[in-house]
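S.K.: This is the structure, below, for whatever I ask next.
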Amino acid sequence: MAEKNISSTKLEEVEQGCVLYNLDPIIMKYHYEVDYIHSYAQDSPFFAGLAKGELKGSRCTKCGSTFGTPRSHCMNCGAPTEWMDLPLNGKIHTFTTCYFGGQEFLDETPFTLIMVEWPGVDTFFLSRLVGVAPEDVQIGMEVKARFRRLSQFKPTDVYFVKADV
Amino acid sequence: MAEKNISSTKLEEVEQGCVLYNLDPIIMKYHYEVDYIHSYAQDSPFFAGLAKGELKGSRCTKCGSTFGTPRSHCMNCGAPTEWMDLPLNGKIHTFTTCYFGGQEFLDETPFTLIMVEWPGVDTFFLSRLVGVAPEDVQIGMEVKARFRRLSQFKPTDVYFVKADV
Amino acid sequence: MRPVYMVSGGITKFSKASPNKDFRYMVKESFDSAMADVPDLTLDRIDGSVASYFSDHFTRQLMAGIMVHDYLGLTPKPSRRIESGGATGGMCFQSAWEAIASGRMDVVAAFGFETMSHVNTWKGNEFIALASDTNFDYPVGGFYTGYYAMMVKRHMHEFGTTVEQLAAVSVKNHKNAMHNPYAQFPAELTIQDVLNSEMVSDPLKRLDICVMSDGAATAILASEEMAYKLTDKPIRITGVGTGTDAMRLADRPSREVILLPHENPEDYKNLKYPGVHSFRGGRVAAKEAYKMAKIENPLEELDFVELHDAFTSSEIQTYEDLGLCKYGDGGKFVESGAADLNGKVPVNPSGGLLACGHPVGATGLMQSVFAFWQLQGNVSKHFGGDGALQLKNPKRGLIHSHAGTGTYITVSIMERGF
Amino acid sequence: MRPVYMVSGGITKFSKASPNKDFRYMVKESFDSAMADVPDLTLDRIDGSVASYFSDHFTRQLMAGIMVHDYLGLTPKPSRRIESGGATGGMCFQSAWEAIASGRMDVVAAFGFETMSHVNTWKGNEFIALASDTNFDYPVGGFYTGYYAMMVKRHMHEFGTTVEQLAAVSVKNHKNAMHNPYAQFPAELTIQDVLNSEMVSDPLKRLDICVMSDGAATAILASEEMAYKLTDKPIRITGVGTGTDAMRLADRPSREVILLPHENPEDYKNLKYPGVHSFRGGRVAAKEAYKMAKIENPLEELDFVELHDAFTSSEIQTYEDLGLCKYGDGGKFVESGAADLNGKVPVNPSGGLLACGHPVGATGLMQSVFAFWQLQGNVSKHFGGDGALQLKNPKRGLIHSHAGTGTYITVSIMERGF
Ligand SMILES: [Zn+2]
Ligand SMILES: [Zn+2]
């Protein structure tokens with residue numbers, strides 16, 4: 001806490017933080033920032049796996065359901081799941097190429113999103129497909145996982161390319 | 001949209017935006033920013049008034065209720081209100097001195113908040129009291145409005161000091 | 001179950017930005033217009049309110065719900081805020097229904113708003129994307145249009161749905177809106193116009209997608225006794241239903257189709273359901289609402305539908321979820337003209353989200369207001385004398401509200417009570 | 001009105017941070033513990049859920065409600081999220097009540113959480129302050145403790161309430177928590193310890209204020225038929241009430257006191273009400289709940305109260321709102337020992353928010369769980385064998401949830417149904 005001259009009867013004049021766009025009505029710029037301390041909590045082993053070139057899903061310890069995107073409890077019966085290794089090769093269940101996006105990803109467009117499917121795994125995995133022209137992507141296309149060398153501990157640490165590249 | 005080499009099968013390696021605090025579980029820093037375009041809309045005349053050294057409240061055109069903080073519709077009968085000039089002198093209805101605060105205001109502590117009351121005005125006005133030591137502030141104390149010379153179009157463009165200063 | 005009625009409704013004209021009126025004032029405008037339509041309904045007769053808005057981020061204000069309740073002069077009466085993503089408006093409507101059906105309140109104001117103009121469109125898309133899993137989905141693409149694009153790609157693959165069929169939805173809805181003075185974006189378009197519009201996320205183009213809006217809407221609900229006291233044209237809410245699905249598209253299971261009374265298991269022998277091609281939550285919501293409203297065959301028993309067409313693809317998928325046609329036949333359904341203003345069951349006679357705009361928290365309530373006016377038979381009065389969108393003597397309508405990739409979906413059935 | 005019961009409850013231990021379990025997992029833990037207490041209650045018997053959390057900002061995730069519903073394995077069943085500031089938990093409880101009372105559902109899981117550890121304490125305070133008017137209030141001080149400090153300053157001025165009386169609340173609640181293994185901050189304190197703690201916003205000191213927490217809670221509600229099928233110790237929810245007040249403290253009006261059945265207008269001849277010294281919303285909530293539960297004199301008819309003591313001052317003001325004593329007598333009430341564990345009406349026998357913590361969306365539901373265990377008479381079983389907080393044969397309790405400066409307040413009455 002800074003020492004203040006509390007007997008001054010004038011509020012300091014400051015100029016920061018006021019950008020005025022319009023006067024009638026008064027329209028101002030208001031900037032807001034947050035720093036989050038975000039824990040991946042029970043999903044941490046998935047992200048740690050990516051850093052090691054492993055792709056991990058979940059298997060229910062009770063009913064045996066398998067999940068292509070990890071979840072620590074089964075969506076079918078509520079029991080805890082255990083980690084399982086997913087194949088690095090899979091198929092495209094569906095896809096799209098985004099030419100626009102949310103602000104954070106605008107400068108990465110165009111990019112292609114795919115849902116990866118594996119035989120015997122009940123659900124899918126969302127990822128990016130790299131190196132295939134939008135017009136050449138197809139449902140059913142075989143793809144394989146690649147991992148970033150410099151892990152960022154984000155789901156984009158893994159991405160997919162055509163299986164025969 | 002930037003031209004991209006879509007035939008590359010490698011995702012660019014980037015290092016921005018990844019601050020790791022902990023590995024088990026993985027805890028990361030996540031930064032978020034927003035720029036808002038904020039309109040004071042129907043309250044604009046109040047903020048324009050502050051820039052001219054005027055303090056404006058509202059008076060109901062139907063039931064006559066008066067409001068020490070402006071509102072464009074009456075909270076008692078729902079009718080539109082009209083602008084009214086508030087006296088620049090008032091009394092302290094209640095107060096506190098804050099030694100801590102939300103992050104944005106931490107470095108302004110300690111500061112004293114007051115509710116200003118006026119005879120004949122049905123509601124109050126929240127403001128800061130400047131130049132009075134915390135132990136000297138009292139309910140009922142007479143105060144007067146002062147205005148910042150450099151308007152920021154914020155409610156802090158007005159503040160109060162002891163009336164006899 | 002205590003019967004619940006809608007007795008009035010009001011909306012603001014949705015617009016790209018409303019710098020002269022903040023969210024409180026916008027709701028007040030829609031509220032006052034609803035109040036003005038029922039002269040006997042004074043402020044003191046309202047027992048409480050339910051507030052609907054999607055996101056603290058858009059509003060740059062937490063607890064904005066109470067600020068509106070306060071601005072309307074409703075303190076110290078009960079209120080609460082409902083949030084359910086894009087389905088927030090429809091859920092608010094059902095929460096007000098529950099407040100009355102439970103016997104706790106007799107007259108409830110359900111109001112909603114969103115002011116999406118405070119940030120630019122791409123930041124707005126980012127906010128909306130923050131409503132997808134921020135561990136697994138947001139960082140990969142962070143774009144809801146992309147998620148819907150993947151869903152319809154699979155729909156096209158499974159069923160042969162075409163981009164021309166998607167475009168037909170856009171043409172129909174924008175055209176209906178030509179006669180709706182509240183619509184933000186009425187237009188006479190051709191299939192080709194839609195196909196030629198800028199590609200956003202393959203196969204969805206600009207004209208397949210609704211825009212962001214500022215706007216507000218209010219629906220006033222009442223118990224049977226109060227409804228008939230207040231108006232001689234009350235509209236009864238005979239069914240409410242809600243369904244949900246997994247947040248992550250990747251988590252959607254493959255099971256058997258949940259059947260409606262008029263359907264047969266043989267219709268869907270080899271269909272893995274819902275996968276990513278259909279909205280299971282929409283089917284569950286419809287099933288609950290139909291059961292309550294005693295609807296056996298929706299196509300025959302509904303006179304019109306106002307559904308959540310944030311994307312042209314969603315409208316086609318929703319025909320199927322609602323049982324207006326078989327799963328897979330949605331594309332052909334719109335192509336056939338069945339959903340046209342003069343078709344078998346007009347869908348989005350108002351112009352829908354595509355043409356009216358989509359100020360999230362207001363949208364589901366806007367649908368209730370349009371449906372209410374249809375059923376009261378006074379569209380012309382509310383549309384400045386233009387009655388082109390007034391259906392002939394409609395008895396029963398359906399409103400449908402939907403959150404991101406079908407995570408929350410509500411269906412409510414409204415019927416003439418006079 | 002269809003009777004509604006609570007059949008089970010579960011909570012996590014509230015803590016400063018929970019890096020090993022995210023909000024989904026925390027709720028699952030509280031949900032599983034509730035489910036485990038009722039062996040006949042399987043997942044398929046739950047008709048839907050209501051989610052409770054305060055802020056997208058704290059969660060760094062929009063639509064977090066559906067993610068929990070999904071994680072619990074409840075898709076595609078109905079769900080919706082309730083938000084009402086600090087009263088979110090209490091409002092969620094009442095929304096679940098409405099879902100059942102309306103006849104729409106038979107078994108509903110009401111769950112709530114908050115993860116406040118993702119930002120530092122002062123940023124957290126800033127988030128909370130963004131739940132005050134961002135045009136007029138936030139920029140001037142931006143600090144809810146400051147707003148409450150102004151309220152109690154006026155209370156002290158009107159009624160002679162003392163800082164020692166405030167401190168007595170802190171001493172009582174922290175002491176009760178010594179026997180509550182779920183509490184985040186149990187402590188044996190003296191009045192002097194509280195008075196000596198660091199001044200935050202005059203007259204409120206560190207030990208007058210609850211801390212921020214991570215935590216989750218689940219309450220499972222059921223219709224009469226299902227309740228008696230599932231448990232032989234159901235607890236009936238005999239009254240629900242909600243009140244509100246203006247968002248800006250400056251806007252609070254001066255009117256006549258809203259009277260409870262046992263009060264006289266002469267008691268308050270010269271009192272301007274509520275001004276900023278009292279919570280009108282609390283009085284309105286109590287009045288509605290008492291009427292429904294047929295309570296005429298709360299002090300005589302309630303066996304205990306779990307109320308929202310985010311600040312010691314709020315507890316004193318709330319005694320008065322609830323009619324446990326006259327307006328102005330709250331300070332003397334705590335001083336007299338009437339609110340002690342062995343007093344006339346034990347208030348916050350659990351330790352309250354002051355000692356248990358306040359993970360906003362979970363708090364109101366946590367109260368329902370503590371009240372539920374009290375009424376079932378099995379506190380000892382849930383508190384690891386320590387039965388010190390178990391009241392003797394309590395028949396009826398009150399839970400009270402409260403949002404910033406009393407903008408939303410809920411009161412619910414719970415009674416033994418066996
Ligand atoms: Zn399982
Ligand atoms: Zn008035």
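Residue names in the structure tokens use chain letters A, B, ... in the order shown, residue numbers from 1 in each chain, and ligand numbers from 1 in the order shown.
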Within 8 Å of Ser412 (chain C), counting only C-alpha atoms, which residues show up once you throw out same-chain ones fewer than 3 positions away? Write them as a CSV table (one decimal) with N, CA and C atoms, in the first residue's frame, please.
M.R.:
chain,number,residue,atom,x,y,z
C,90,GLY,N,-35.2,-19.6,-24.9
C,90,GLY,CA,-36.2,-20.6,-24.8
C,90,GLY,C,-36.2,-21.2,-23.4
C,94,GLN,N,-39.2,-21.3,-20.5
C,94,GLN,CA,-39.7,-22.5,-19.7
C,94,GLN,C,-39.5,-22.3,-18.2
C,237,ILE,N,-49.6,-22.5,-23.2
C,237,ILE,CA,-48.4,-23.2,-23.5
C,237,ILE,C,-48.6,-24.7,-23.1
C,238,THR,N,-48.9,-25.5,-24.1
C,238,THR,CA,-49.4,-26.8,-23.8
C,238,THR,C,-48.3,-27.9,-23.6
C,239,GLY,N,-47.1,-27.5,-24.0
C,239,GLY,CA,-46.0,-28.5,-23.9
C,239,GLY,C,-44.6,-27.8,-23.7
C,240,VAL,N,-43.8,-28.3,-22.9
C,240,VAL,CA,-42.4,-27.8,-22.8
C,240,VAL,C,-41.5,-29.0,-22.8
C,241,GLY,N,-40.4,-28.9,-23.4
C,241,GLY,CA,-39.4,-30.0,-23.5
C,241,GLY,C,-38.0,-29.4,-23.6
C,289,ALA,N,-42.0,-32.4,-25.2
C,289,ALA,CA,-43.0,-31.4,-25.4
C,289,ALA,C,-44.2,-32.0,-26.1
C,398,LEU,N,-45.0,-24.2,-32.8
C,398,LEU,CA,-43.9,-24.7,-32.0
C,398,LEU,C,-42.8,-23.7,-32.0
C,399,ILE,N,-42.1,-23.5,-30.9
C,399,ILE,CA,-40.9,-22.7,-30.9
C,399,ILE,C,-39.8,-23.5,-30.3
C,400,HIS,N,-38.6,-23.2,-30.9
C,400,HIS,CA,-37.4,-24.1,-30.7
C,400,HIS,C,-36.2,-23.2,-30.5
S.K.: Using only C-alpha atoms and all ligand atoms, find each protein or nucleic acid residue lying at most 8 Å from ligand 1; present the set as a VMD selection string.
M.R.: chain A and resid 59 to 65 73 to 81
S.K.: Please, which residues of chain A lie no more than 12 Å from chain D when the count uses only C-alpha atoms, and can they be set out as number ranges by chain?
M.R.: A: 1, 17, 26-28, 30, 32-45, 70-81
S.K.: Using only C-alpha atoms, which residues sit within 10 Å of region 291-300 of chain C once same-chain residues fewer than 4 positions away are excluded, as a list in words?
M.R.: Met1, Ile237, Thr238, Gly239, Val240, Gly241, Leu260, Pro261, His262, Glu263, Ala286, Lys287, Phe304, Tyr319, Leu322, Gly323, Leu324, Cys325, Ala338, Lys344, Val345, Leu398, Ser412, Ile413, Met414 and Glu415 of chain C; Arg104 of chain D
S.K.: Kindly export the residues of the current selection with N, CA and C atoms, as a compact mmCIF listing (two decimals), in the first residue's frame.
M.R.:
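Once everything was written out, this is out.txt:
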# COMPACT_ATOMS: atom_id res chain seq x y z
N MET C 1 -50.90 -30.75 -13.66
CA MET C 1 -50.06 -29.61 -14.09
C MET C 1 -50.93 -28.37 -14.30
N ILE C 237 -49.62 -22.48 -23.25
CA ILE C 237 -48.37 -23.21 -23.47
C ILE C 237 -48.64 -24.65 -23.06
N THR C 238 -48.89 -25.49 -24.05
CA THR C 238 -49.38 -26.84 -23.75
C THR C 238 -48.26 -27.87 -23.61
N GLY C 239 -47.05 -27.49 -24.00
CA GLY C 239 -45.96 -28.45 -23.87
C GLY C 239 -44.63 -27.75 -23.74
N VAL C 240 -43.78 -28.26 -22.86
CA VAL C 240 -42.40 -27.78 -22.79
C VAL C 240 -41.49 -29.00 -22.76
N GLY C 241 -40.36 -28.88 -23.44
CA GLY C 241 -39.41 -29.98 -23.46
C GLY C 241 -37.99 -29.44 -23.59
N LEU C 260 -40.02 -40.93 -32.22
CA LEU C 260 -41.27 -40.23 -31.92
C LEU C 260 -42.43 -41.19 -32.20
N PRO C 261 -43.63 -40.86 -31.67
CA PRO C 261 -44.75 -41.81 -31.78
C PRO C 261 -45.05 -42.26 -33.22
N HIS C 262 -44.85 -41.39 -34.21
CA HIS C 262 -45.22 -41.74 -35.58
C HIS C 262 -44.11 -42.44 -36.34
N GLU C 263 -42.99 -42.75 -35.67
CA GLU C 263 -41.84 -43.33 -36.38
C GLU C 263 -41.66 -44.82 -36.10
N ALA C 286 -38.24 -32.31 -28.24
CA ALA C 286 -39.49 -32.46 -28.98
C ALA C 286 -40.34 -33.57 -28.36
N LYS C 287 -39.69 -34.67 -28.02
CA LYS C 287 -40.42 -35.80 -27.48
C LYS C 287 -41.15 -35.44 -26.19
N PHE C 304 -47.41 -24.15 -37.57
CA PHE C 304 -46.18 -23.46 -37.98
C PHE C 304 -45.10 -23.72 -36.93
N TYR C 319 -35.59 -29.92 -38.77
CA TYR C 319 -36.81 -30.54 -39.32
C TYR C 319 -36.87 -32.00 -38.88
N LEU C 322 -37.31 -32.64 -35.08
CA LEU C 322 -38.70 -32.37 -34.67
C LEU C 322 -39.68 -33.37 -35.27
N GLY C 323 -39.17 -34.23 -36.14
CA GLY C 323 -40.05 -35.23 -36.74
C GLY C 323 -40.96 -34.68 -37.83
N LEU C 324 -40.60 -33.53 -38.41
CA LEU C 324 -41.39 -33.01 -39.53
C LEU C 324 -41.13 -33.87 -40.77
N CYS C 325 -39.97 -34.52 -40.78
CA CYS C 325 -39.66 -35.49 -41.82
C CYS C 325 -38.70 -36.50 -41.20
N ALA C 338 -42.30 -27.57 -48.47
CA ALA C 338 -43.15 -27.87 -47.32
C ALA C 338 -42.99 -26.85 -46.19
N LYS C 344 -46.80 -26.92 -46.23
CA LYS C 344 -47.48 -27.82 -45.30
C LYS C 344 -47.34 -27.34 -43.86
N VAL C 345 -46.14 -26.97 -43.46
CA VAL C 345 -45.93 -26.39 -42.14
C VAL C 345 -44.89 -25.27 -42.27
N LEU C 398 -45.00 -24.19 -32.78
CA LEU C 398 -43.88 -24.72 -32.00
C LEU C 398 -42.75 -23.71 -32.04
N SER C 412 -41.07 -25.63 -27.16
CA SER C 412 -42.31 -25.31 -26.45
C SER C 412 -43.45 -25.25 -27.46
N ILE C 413 -44.61 -25.71 -27.03
CA ILE C 413 -45.80 -25.74 -27.90
C ILE C 413 -46.78 -24.68 -27.41
N MET C 414 -47.25 -23.87 -28.33
CA MET C 414 -48.19 -22.80 -27.99
C MET C 414 -49.49 -23.00 -28.77
N GLU C 415 -50.62 -22.84 -28.07
CA GLU C 415 -51.92 -23.07 -28.71
C GLU C 415 -52.90 -21.97 -28.38
N ARG D 104 -43.24 -31.33 -13.91
CA ARG D 104 -42.48 -31.66 -15.11
C ARG D 104 -41.46 -32.76 -14.88
S.K.: Got a sec to pull out which chain D residues are within 6 Å of chain C, counting only C-alpha atoms, and send them as a list of chain:residue names?
M.R.: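 Listed by rising number, the hits are D:Met1, D:Gln61, D:Leu62, D:Met63, D:Met67, D:Asp70, D:Thr75, D:Pro76, D:Lys77, D:Pro78, D:Arg80, D:Arg81, D:Ile82, D:Glu83, D:Ser84, D:Glu98, D:Ala101, D:Ser102, D:Gly103, D:Leu130, D:Ala131, D:Thr242, D:Gly243, D:Thr244, D:Asp245, D:Ala246, D:Met247, D:Gly281.
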S.K.: So that I can see what lies close to region 142-153 of chain D, please list as a JSON list (two decimals) with N, CA and C atoms, in the first residue's frame the residues with an atom at most 6 Å from it, counting only C-alpha atoms and leaving out residues fewer than 4 positions away in the same chain.
M.R.:
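Dumped to result.json:
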[["chain", "number", "residue", "atom", "x", "y", "z"],
["B", 94, "THR", "N", -23.62, 7.75, 4.38],
["B", 94, "THR", "CA", -22.77, 6.73, 5.01],
["B", 94, "THR", "C", -21.44, 6.73, 4.29],
["B", 95, "PHE", "N", -20.46, 6.01, 4.82],
["B", 95, "PHE", "CA", -19.10, 6.07, 4.26],
["B", 95, "PHE", "C", -18.29, 4.85, 4.68],
["B", 96, "THR", "N", -17.15, 4.68, 4.03],
["B", 96, "THR", "CA", -16.14, 3.71, 4.47],
["B", 96, "THR", "C", -14.81, 4.13, 3.89],
["B", 101, "GLY", "N", -8.82, -3.44, -2.17],
["B", 101, "GLY", "CA", -9.84, -3.27, -3.21],
["B", 101, "GLY", "C", -9.62, -4.26, -4.32],
["B", 102, "GLY", "N", -10.46, -4.17, -5.34],
["B", 102, "GLY", "CA", -10.24, -4.98, -6.53],
["B", 102, "GLY", "C", -8.91, -4.58, -7.15],
["D", 129, "ALA", "N", -16.60, -7.32, -8.21],
["D", 129, "ALA", "CA", -17.01, -5.91, -8.32],
["D", 129, "ALA", "C", -17.60, -5.60, -9.70],
["D", 138, "TYR", "N", -18.74, 0.51, -10.17],
["D", 138, "TYR", "CA", -17.44, -0.15, -10.29],
["D", 138, "TYR", "C", -16.29, 0.86, -10.40],
["D", 201, "SER", "N", -12.00, -2.71, 5.01],
["D", 201, "SER", "CA", -12.83, -1.56, 4.61],
["D", 201, "SER", "C", -13.63, -1.21, 5.86],
["D", 276, "VAL", "N", -29.88, 2.01, 3.20],
["D", 276, "VAL", "CA", -28.76, 1.13, 2.90],
["D", 276, "VAL", "C", -28.42, 0.25, 4.10],
["D", 277, "HIS", "N", -29.25, 0.31, 5.17],
["D", 277, "HIS", "CA", -28.87, -0.44, 6.36],
["D", 277, "HIS", "C", -29.43, -1.85, 6.40]]
S.K.: Please identify which residues in chain B DSSP calls strand (DSSP E) from the backbone, and express them as a PDB file with C-alpha atoms, in the first residue's frame.
M.R.:
ATOM      1  CA  VAL B  19       4.006 -20.072 -19.327  1.00  0.00           C
ATOM      2  CA  LEU B  20       4.126 -23.275 -17.343  1.00  0.00           C
ATOM      3  CA  TYR B  21       3.864 -23.131 -13.535  1.00  0.00           C
ATOM      4  CA  ASN B  22       3.646 -26.784 -12.669  1.00  0.00           C
ATOM      5  CA  LEU B  23       3.766 -30.180 -14.358  1.00  0.00           C
ATOM      6  CA  ILE B  26      -0.068 -29.145 -15.532  1.00  0.00           C
ATOM      7  CA  ILE B  27      -0.756 -25.556 -14.487  1.00  0.00           C
ATOM      8  CA  MET B  28      -0.362 -22.831 -17.059  1.00  0.00           C
ATOM      9  CA  LYS B  29      -0.722 -19.112 -17.334  1.00  0.00           C
ATOM     10  CA  TYR B  30      -3.482 -18.076 -19.672  1.00  0.00           C
ATOM     11  CA  HIS B  31      -3.765 -14.429 -20.629  1.00  0.00           C
ATOM     12  CA  TYR B  32      -6.944 -12.887 -21.933  1.00  0.00           C
ATOM     13  CA  GLU B  33      -7.682  -9.390 -23.248  1.00  0.00           C
ATOM     14  CA  VAL B  34     -10.775  -7.635 -24.501  1.00  0.00           C
ATOM     15  CA  ASP B  35     -11.337  -4.193 -25.977  1.00  0.00           C
ATOM     16  CA  TYR B  36     -14.879  -3.058 -25.460  1.00  0.00           C
ATOM     17  CA  ILE B  37     -16.672  -0.320 -27.325  1.00  0.00           C
ATOM     18  CA  HIS B  38     -18.815   0.923 -24.468  1.00  0.00           C
ATOM     19  CA  SER B  39     -21.656   3.388 -24.905  1.00  0.00           C
ATOM     20  CA  LYS B  56     -27.344  15.604 -12.891  1.00  0.00           C
ATOM     21  CA  GLY B  57     -30.040  13.420 -11.377  1.00  0.00           C
ATOM     22  CA  SER B  58     -33.460  12.334 -12.623  1.00  0.00           C
ATOM     23  CA  ARG B  59     -37.026  13.321 -11.872  1.00  0.00           C
ATOM     24  CA  CYS B  60     -40.016  11.166 -12.811  1.00  0.00           C
ATOM     25  CA  THR B  66     -36.306  12.058  -7.699  1.00  0.00           C
ATOM     26  CA  PHE B  67     -33.083  10.111  -8.121  1.00  0.00           C
ATOM     27  CA  THR B  81     -37.707  10.624 -16.164  1.00  0.00           C
ATOM     28  CA  GLU B  82     -36.293  14.020 -17.073  1.00  0.00           C
ATOM     29  CA  TRP B  83     -32.888  15.404 -16.147  1.00  0.00           C
ATOM     30  CA  MET B  84     -32.594  17.616 -13.077  1.00  0.00           C
ATOM     31  CA  ASP B  85     -29.633  19.505 -11.630  1.00  0.00           C
ATOM     32  CA  ASN B  89     -23.517  20.577  -1.725  1.00  0.00           C
ATOM     33  CA  GLY B  90     -24.859  17.563   0.139  1.00  0.00           C
ATOM     34  CA  LYS B  91     -24.357  15.454   3.246  1.00  0.00           C
ATOM     35  CA  ILE B  92     -22.702  12.114   3.937  1.00  0.00           C
ATOM     36  CA  HIS B  93     -25.372   9.418   4.340  1.00  0.00           C
ATOM     37  CA  THR B  94     -22.775   6.728   5.006  1.00  0.00           C
ATOM     38  CA  PHE B  95     -19.096   6.068   4.258  1.00  0.00           C
ATOM     39  CA  THR B  96     -16.138   3.713   4.472  1.00  0.00           C
ATOM     40  CA  THR B  97     -12.409   3.873   3.956  1.00  0.00           C
ATOM     41  CA  CYS B  98     -11.077   1.038   1.796  1.00  0.00           C
ATOM     42  CA  PHE B 111      -9.638   5.771  -0.425  1.00  0.00           C
ATOM     43  CA  THR B 112     -12.896   6.843   1.167  1.00  0.00           C
ATOM     44  CA  LEU B 113     -16.276   6.059  -0.392  1.00  0.00           C
ATOM     45  CA  ILE B 114     -19.361   8.033   0.563  1.00  0.00           C
ATOM     46  CA  MET B 115     -23.050   7.998  -0.222  1.00  0.00           C
ATOM     47  CA  VAL B 116     -24.138  11.588  -0.735  1.00  0.00           C
ATOM     48  CA  GLU B 117     -27.660  12.562   0.323  1.00  0.00           C
ATOM     49  CA  PHE B 125     -25.010   9.156  -5.087  1.00  0.00           C
ATOM     50  CA  LEU B 126     -21.835   7.093  -4.663  1.00  0.00           C
ATOM     51  CA  SER B 127     -18.614   9.045  -4.794  1.00  0.00           C
ATOM     52  CA  ARG B 128     -15.181   9.442  -3.258  1.00  0.00           C
ATOM     53  CA  LEU B 129     -14.400  11.820  -0.437  1.00  0.00           C
ATOM     54  CA  GLU B 142     -21.509  18.496   4.810  1.00  0.00           C
ATOM     55  CA  VAL B 143     -19.628  17.972   1.565  1.00  0.00           C
ATOM     56  CA  LYS B 144     -19.373  19.683  -1.797  1.00  0.00           C
ATOM     57  CA  ALA B 145     -18.679  18.440  -5.289  1.00  0.00           C
ATOM     58  CA  ARG B 146     -15.434  19.074  -7.145  1.00  0.00           C
ATOM     59  CA  PHE B 147     -14.811  18.178 -10.751  1.00  0.00           C
ATOM     60  CA  VAL B 158     -16.714  14.261  -9.786  1.00  0.00           C
ATOM     61  CA  TYR B 159     -15.599  13.788  -6.191  1.00  0.00           C
ATOM     62  CA  PHE B 160     -16.431  15.425  -2.894  1.00  0.00           C
ATOM     63  CA  VAL B 161     -14.531  17.432  -0.298  1.00  0.00           C
ATOM     64  CA  LYS B 162     -15.557  18.863   3.074  1.00  0.00           C
TER      65      LYS B 162
END
S.K.: Smallest atom-to-atom distance to ligand 2: which of B:Asp24, B:Asp122, B:Glu13, B:Glu104, using only C-alpha atoms and all ligand atoms?
M.R.: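 The closest residue to ligand 2 is B:Asp122.
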S.K.: Just how far from CA of Phe93 (chain D) is CA of Gly364 (chain D), in Å to one decimal?
M.R.: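 Separation between CA of Gly364 (chain D) and CA of Phe93 (chain D): 7.8 Å.
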S.K.: Can you tell me, as a VMD selection string, which residues in region 42-147 of chain C count as helix (DSSP H, G or I) by DSSP?
M.R.: chain C and resid 43 to 45 56 to 59 64 to 71 88 to 101 116 to 118 121 to 129 144 to 147
S.K.: Ranking A:Glu135, A:Asp164, A:Glu108, A:Glu54 by minimum distance to chain B and counting only C-alpha atoms, which one comes first?
M.R.: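 Result for the nearest residue to chain B: A:Glu108.
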S.K.: Mind dumping a table of every region 278-313 of chain D residue within 10 Å of region 373-395 of chain D, with the nearest atom pair and its distance in Å to one decimal, using only C-alpha atoms, sorted by chain and rising number, as CSV?
M.R.:
residue,atom,partner,partner_atom,distance
D:Glu301,CA,D:Lys395,CA,9.1
D:Leu302,CA,D:Lys395,CA,7.9
D:Asp303,CA,D:Pro394,CA,5.6
D:Phe304,CA,D:Pro394,CA,7.6
S.K.: Quick one, how far is CA of Asp106 (chain C) from CA of Ala362 (chain D)?
M.R.: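 Atom-to-atom, CA of Asp106 (chain C) and CA of Ala362 (chain D) are spaced 29.5 Å apart.
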S.K.: As a tab-separated table (two decimals) with N, CA, C and O atoms, in the first residue's frame, please: the residues near Asn176 (chain D) (cut-off 7 Å, only C-alpha atoms, same-chain neighbours under 5 positions excluded).
M.R.:
chain	number	residue	atom	x	y	z
D	349	PRO	N	-24.84	-23.25	12.35
D	349	PRO	CA	-24.17	-24.29	13.12
D	349	PRO	C	-23.03	-24.94	12.33
D	349	PRO	O	-22.07	-25.44	12.92
D	350	SER	N	-23.08	-24.88	11.02
D	350	SER	CA	-22.02	-25.47	10.18
D	350	SER	C	-20.73	-24.66	10.24
D	350	SER	O	-19.66	-25.16	9.90
D	351	GLY	N	-20.86	-23.39	10.61
D	351	GLY	CA	-19.71	-22.48	10.52
D	351	GLY	C	-19.93	-21.40	9.47
D	351	GLY	O	-19.18	-20.43	9.39
S.K.: What gap, in Å, lies between CA of Leu230 (chain D) and CA of Leu41 (chain D)?
M.R.: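 Distance reported for this atom pair: 6.5 Å.
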S.K.: Pick out the closest residue to chain B from this set: A:Leu106, A:Met141, A:Leu50, A:Leu88. Count only C-alpha atoms.
M.R.: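 For chain B, the nearest of the candidates is A:Leu106.
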S.K.: For each of B:Val137, B:Phe100, B:Gly53, B:Pro119, take the minimum atom-to-atom distance to chain A, counting only C-alpha atoms, then give the residue where this is smallest.
M.R.: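 Residue with the minimum atom-to-atom distance to chain A: B:Phe100.
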